[in-house]
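Participant: Before I ask anything, let me first share the structure, which is written out below as structure tokens.
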Protein chains: 2
Amino acid sequence: MPRVTIKEIARRAGVSQGAVSYALNNQPGVSEATRARVLKVAEELEWVPNRAARQLSAARSETFGLVLARTAKTLTEEPFYMGFVGGVESVLAQKSYALALQVVADLDEELATYRKWAAERRVDGVIVVDLRVADPRIPLLRKLGLPAVLVADPELADGMPCVWTDGTAAMNAALDHVASLGHRVVARVAGPPQYGDVWIRDRAYATAGRRLGLDVRVVHTDFSADEGAAATRDLLAAANRPTAIIYDNDLMAVAGLAVVHGLGSRSPDDVTLVAWDDSTLCRITHPTLTAMSHNIIGYGAEVTNRLLDLLNGARPQAHLYSTPLLIVRDSSGPPPV
Amino acid sequence: MPRVTIKEIARRAGVSQGAVSYALNNQPGVSEATRARVLKVAEELEWVPNRAARQLSAARSETFGLVLARTAKTLTEEPFYMGFVGGVESVLAQKSYALALQVVADLDEELATYRKWAAERRVDGVIVVDLRVADPRIPLLRKLGLPAVLVADPELADGMPCVWTDGTAAMNAALDHVASLGHRVVARVAGPPQYGDVWIRDRAYATAGRRLGLDVRVVHTDFSADEGAAATRDLLAAANRPTAIIYDNDLMAVAGLAVVHGLGSRSPDDVTLVAWDDSTLCRITHPTLTAMSHNIIGYGAEVTNRLLDLLNGARPQAHLYSTPLLIVRDSSGPPPV
DNA sequence: CTTGATTGCCGAACCGGTTAAGTAACGACG
DNA sequence: CGTCGTTACTTAACCGGTTCGGCAATCAAG
């Protein structure tokens with residue numbers, strides 16, 4: 001199967017290579033008649049542009065980059081990532097853009113990846129997730145001139161284009177919910193505080209707790225099921241134990257529920273549980289878990305569209321995607337008397 | 001930042017472009033002294049090869065392709081995919097290969113993707129998952145001459161290189177386990193029978209059931225939590241209900257456990273549950289779930305290494321990766337009396 | 001000392017596109 | 001009728017590597 005090139009099309013259509021290029025790219029410089037003829041020949045020969053060649057001359061790779069600095073284990077556990085990637089893909093596939101996905105161990109490797117991609121001209125832009133407080137990726141991407149859209153609160157984005165969901169509003173909603181059920185002693189099983197989202201939720205949690213006059217406490221974990229379970233065990237063993245626990249992801253909430261069962265307690269009778277990042281997990285446990293619901297797939301799609309806009313010359317901007325919605329399920333109830 | 005090319009290195013090292021290329025690629029044609037000098041200059045200038053240029057001339061993309069024909073929703077629910085991708089990545093990153101990941105809606109789109117990739121010379125080879133019985137991808141990949149490694153039993157691979165785990169042995173182990181606990185009426189909540197793995201397990205299940213003299217029954221689902229829950233509900237409502245249920249993935253097993261709880265029953269006292277594709281999920285429920293454990297990350301890595309071998313001229317072959325191991329946990333027990 | 005093979009490097013073609021510069025034909029306009 | 005501006009192309013340079021043919025210089029063999 002001899003691969004069909006633009007040169008072959010030119011030969012068959014009786015025009016020059018350059019004309020073919022103009023015709024195929026819908027650019028001025030050829031008559032409509034010629035364009036039609038060229039397109040017809042290209043169709044007949046089932047011509048597909050060679051990515052490498054186009055990339056080399058046009059200096060565009062038509063590829064977006066996404067680096068995930070998490071262990072493979074975390075990635076399997078957190079439904080967020082695969083959903084997000086799916087959302088990104090759903091947009092890219094339409095535009096016949098590609099996604100360069102790289103899984104690395106830590107932030108340093110992530111930085112190295114950006115350097116490499118920039119040097120190789122590997123990607124046209126990147127999507128950055130898991131923002132930290134004072135994130136080192138921001139200055140690097142600026143220096144490299146690599147277009148990027150951050151998945152982060154504008155407060156963390158330092159002026160870079162970003163797409164965000166309102167974590168503060170979400171936390172307010174969550175605390176309003178448990179307070180309105182009558183809970184007075186509430187705990188939060190949080191992720192690592194260096195993550196920007198966690199930091200914002202920590203702050204919102206403290207503020208809302210004061211506003212509502214609650215006894216609020218926080219335990220920081222690494223987001224894993226094990227630490228989520230351990231935190232739950234500790235909280236429930238303490239004096240003046242909380243009657244409601246708000247988790248920072250769904251995995252820890254499910255693990256927490258298992259701990260409650262293991263202690264012979266029940267939810268919501270003995271303790272109300274609220275998960276974050278609602279996924280199927282929250283709907284298949286017994287009882288089903290109240291959760292803060294994001295549309296993660298849509299989120300991925302939105303971010304991708306914003307990056308496309310950015311490359312088309314749009315002004316860098318912060319876009320509020322949506323505010324998470326609290327889905328109240330069976331794990332919510334009034335505190336025990 | 002003017003990008004540094006091979007030409008610049010040549011200028012500074014005082015040799016021709018061609019010599020630089022030989023030196024950088026460890027090919028014969030230059031003296032050791034020259035090679036060292038070129039490498040030193042390249043290092044100083046922080047030269048990074050331009051992927052597009054290399055791909056264009058060398059006709060290698062140093063990219064592997066992976067198409068997932070599943071909905072984004074399924075991908076988030078099934079920990080398998082992200083884990084597999086992580087395993088693939090862990091190998092590729094070392095070799096500075098890239099992964100082209102494409103998420104599509106169905107098999108037809110997957111076939112179209114292979115056609116496009118082959119025409120574009122986009123990937124050097126592909127990894128194929130979710131094999132079907134008489135899978136149409138096999139003849140297409142053969143026709144396109146696209147190197148591929150299938151994640152599938154040799155019986156399904158039709159002579160194509162493949163990496164597999166022994167589903168038949170695993171199913172034997174699972175049924176031996178429940179039979180040895182004393183169960184006589186067993187059910188299997190299976191995935192869609194067109195999937196090769198499901199088909200093989202269906203067969204092994206029937207055979208082993210006969211061998212052990214068990215009353216075995218099968219319900220086919222679409223692998224989703226909802227259908228897994230529904231199947232469980234139906235099975236437990238039936239006359240002569242099963243005392244042990246073997247699920248085809250972990251998501252359905254967790255959903256099944258919730259149904260058991262919802263009915264006021266308990267596991268393992270009233271029913272023994274066995275999951276497939278062990279993931280964190282199985283360890284965080286209460287009770288923890290007995291599961292057929294794969295090392296999915298390692299599986300992804302193994303497949304990738306076999307594809308690399310294949311491109312290096314290795315003979316196409318079937319590789320047994322490992323046989324899944326039954327991890328017995330709290331959801332296993334003798335049947336109720 | 002001649003011949004032939006080998007080594008080390010250069011120059012240039014090439015991969016398959018994009019695009020700037022140049023040119024011929026044509027119509028409009030003063 | 002000469003000039004200018006479009007239009008519709010062609011030509012050729014270019015992107016940044018790889019690789020082939022060729023040419024001295026060196027070395028071993030005869």
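How things are named: the first chain in the structure tokens is A, the next is B, and so on; residues count from 1 in each chain; ligands count from 1 in the order shown.
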In region 49-147 of chain B, what's alpha helix (DSSP H) per DSSP? Answer as a PyMOL selection string?
Facilitator: chain B and resi 51-58+72-77+79-95+107-120+137-144
Participant: Pull the closest atom pair for each residue of chain D that gets at most 8 Å from chain A, along with the distance in Å to one decimal, counting only C-alpha atoms (C1' of nucleotides), ordering rows by chain and then ascending residue number, as a Markdown table.
Facilitator:
```
| residue | atom | partner | partner_atom | distance |
| --- | --- | --- | --- | --- |
| D:DT7 | C1' | A:Gly29 | CA | 7.8 |
| D:DA8 | C1' | A:Val30 | CA | 5.6 |
| D:DC9 | C1' | A:Val30 | CA | 7.0 |
| D:DT10 | C1' | A:Ser16 | CA | 6.5 |
| D:DC14 | C1' | A:Ser57 | CA | 7.5 |
| D:DC15 | C1' | A:Ser57 | CA | 4.5 |
| D:DG16 | C1' | A:Leu56 | CA | 7.6 |
```
Participant: Could you turn the residues from that selection into a file that holds C-alpha atoms (C1' of nucleotides), as a CSV table (one decimal), in the first residue's frame?
Facilitator:
```csv
chain,number,residue,atom,x,y,z
D,7,DT,C1',-6.9,36.2,-9.3
D,8,DA,C1',-4.9,31.7,-9.8
D,9,DC,C1',-1.6,29.5,-9.9
D,10,DT,C1',3.8,27.8,-9.9
D,14,DC,C1',11.8,25.6,4.7
D,15,DC,C1',10.7,22.8,9.0
D,16,DG,C1',14.7,19.4,11.6
```
Participant: Give me, as JSON lines, the closest atom pair and its distance (Å, one decimal) for every residue of chain C within a cut-off of 9 Å of chain B, counting only C-alpha atoms (C1' of nucleotides), rows sorted by chain and rising number.
Facilitator:
```
{"residue": "C:DT7", "atom": "C1'", "partner": "B:Gly29", "partner_atom": "CA", "distance": 7.8}
{"residue": "C:DG8", "atom": "C1'", "partner": "B:Val30", "partner_atom": "CA", "distance": 5.6}
{"residue": "C:DC9", "atom": "C1'", "partner": "B:Ala19", "partner_atom": "CA", "distance": 6.8}
{"residue": "C:DC10", "atom": "C1'", "partner": "B:Ser16", "partner_atom": "CA", "distance": 6.3}
{"residue": "C:DG11", "atom": "C1'", "partner": "B:Ser16", "partner_atom": "CA", "distance": 8.5}
{"residue": "C:DC14", "atom": "C1'", "partner": "B:Ser57", "partner_atom": "CA", "distance": 7.6}
{"residue": "C:DC15", "atom": "C1'", "partner": "B:Ser57", "partner_atom": "CA", "distance": 4.5}
{"residue": "C:DG16", "atom": "C1'", "partner": "B:Leu56", "partner_atom": "CA", "distance": 7.5}
```
Participant: How would the residues just chosen look if you wrote them out with C-alpha atoms (C1' of nucleotides) as a short mmCIF file (atom, residue, chain, number, x, y, z; two decimals), in the first residue's frame?
Facilitator:
```
data_model
loop_
_atom_site.label_atom_id
_atom_site.label_comp_id
_atom_site.auth_asym_id
_atom_site.auth_seq_id
_atom_site.Cartn_x
_atom_site.Cartn_y
_atom_site.Cartn_z
"C1'" DT C 7 37.42 4.52 8.37
"C1'" DG C 8 35.71 9.18 9.06
"C1'" DC C 9 33.45 12.66 7.41
"C1'" DC C 10 30.93 15.79 3.93
"C1'" DG C 11 27.29 17.09 0.85
"C1'" DC C 14 14.74 13.04 1.26
"C1'" DC C 15 10.49 12.54 4.47
"C1'" DG C 16 5.46 15.34 3.41
#
```
Participant: Tell me as a list of chain:residue names which residues belonging to chain B come within 6 Å of chain A, counting only C-alpha atoms.
Facilitator: B:Asn50, B:Ala52, B:Ala53, B:Leu56, B:Ala72, B:Thr76, B:Pro79, B:Met82, B:Gly83, B:Gly86, B:Glu120, B:Ala255, B:Ala258, B:Ile284, B:Thr285, B:His286
Participant: Could you give me, as a list of chain:residue names, the residues within 8 Å of Ala13 (chain A), counting only C-alpha atoms (C1' of nucleotides) and dropping anything in the same chain fewer than 2 positions from it?
Facilitator: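 What passes the distance filter is A:Ile9, A:Ala10, A:Arg11, A:Val15, A:Arg37, A:Val38, A:Val41.
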Participant: Near Gly196 (chain A), counting only C-alpha atoms (C1' of nucleotides), which residues have an atom at most 8 Å away, once you skip same-chain residues fewer than 4 positions from it, shown as an NGL selection string?
Facilitator: :A and (130-133 or 152-153 or 156 or 200)
Participant: For the atom pair CA of Ala36 (chain A) and CA of Ile6 (chain A), what is the interatomic distance in Å to one decimal place?
Facilitator: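 According to the coordinates, CA of Ala36 (chain A) and CA of Ile6 (chain A) are separated by 15.0 Å.
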Participant: How many Å separate C1' of DT6 (chain D) from CA of Leu24 (chain A)?
Facilitator: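 Here the two named atoms are 22.1 Å from each other.
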Participant: Please report the interatomic distance between CA of Asn249 (chain A) and CA of Ile127 (chain A) in Å with one decimal.
Facilitator: 21.5 Å
Participant: DSSP on the backbone, strand (DSSP E) only: what residues of region 107-243 of chain A does that give? Format it as a PyMOL selection string.
Facilitator: chain A and resi 125-128+148-151+162-165+185-190+215-220
Participant: What lies within 6 Å of Ser293 (chain B) using only C-alpha atoms (C1' of nucleotides), ignoring chain neighbours under 4 positions off, as a compact mmCIF listing (two decimals) with N, CA and C atoms, in the first residue's frame?
Facilitator:
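Below you can see around_15.txt, which holds the result:
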```txt
# COMPACT_ATOMS: atom_id res chain seq x y z
N ASP B 277 -11.49 -8.98 39.29
CA ASP B 277 -10.74 -7.74 39.10
C ASP B 277 -10.63 -6.96 40.41
N ASP B 278 -9.99 -7.56 41.36
CA ASP B 278 -9.80 -6.95 42.67
C ASP B 278 -9.25 -5.53 42.56
N PRO B 324 -4.65 -15.13 37.74
CA PRO B 324 -5.24 -14.37 38.83
C PRO B 324 -5.26 -15.18 40.11
N LEU B 325 -5.15 -14.50 41.20
CA LEU B 325 -5.05 -15.14 42.51
C LEU B 325 -6.31 -14.82 43.30
N LEU B 326 -6.90 -15.84 43.88
CA LEU B 326 -8.10 -15.59 44.67
C LEU B 326 -7.72 -15.09 46.06
```
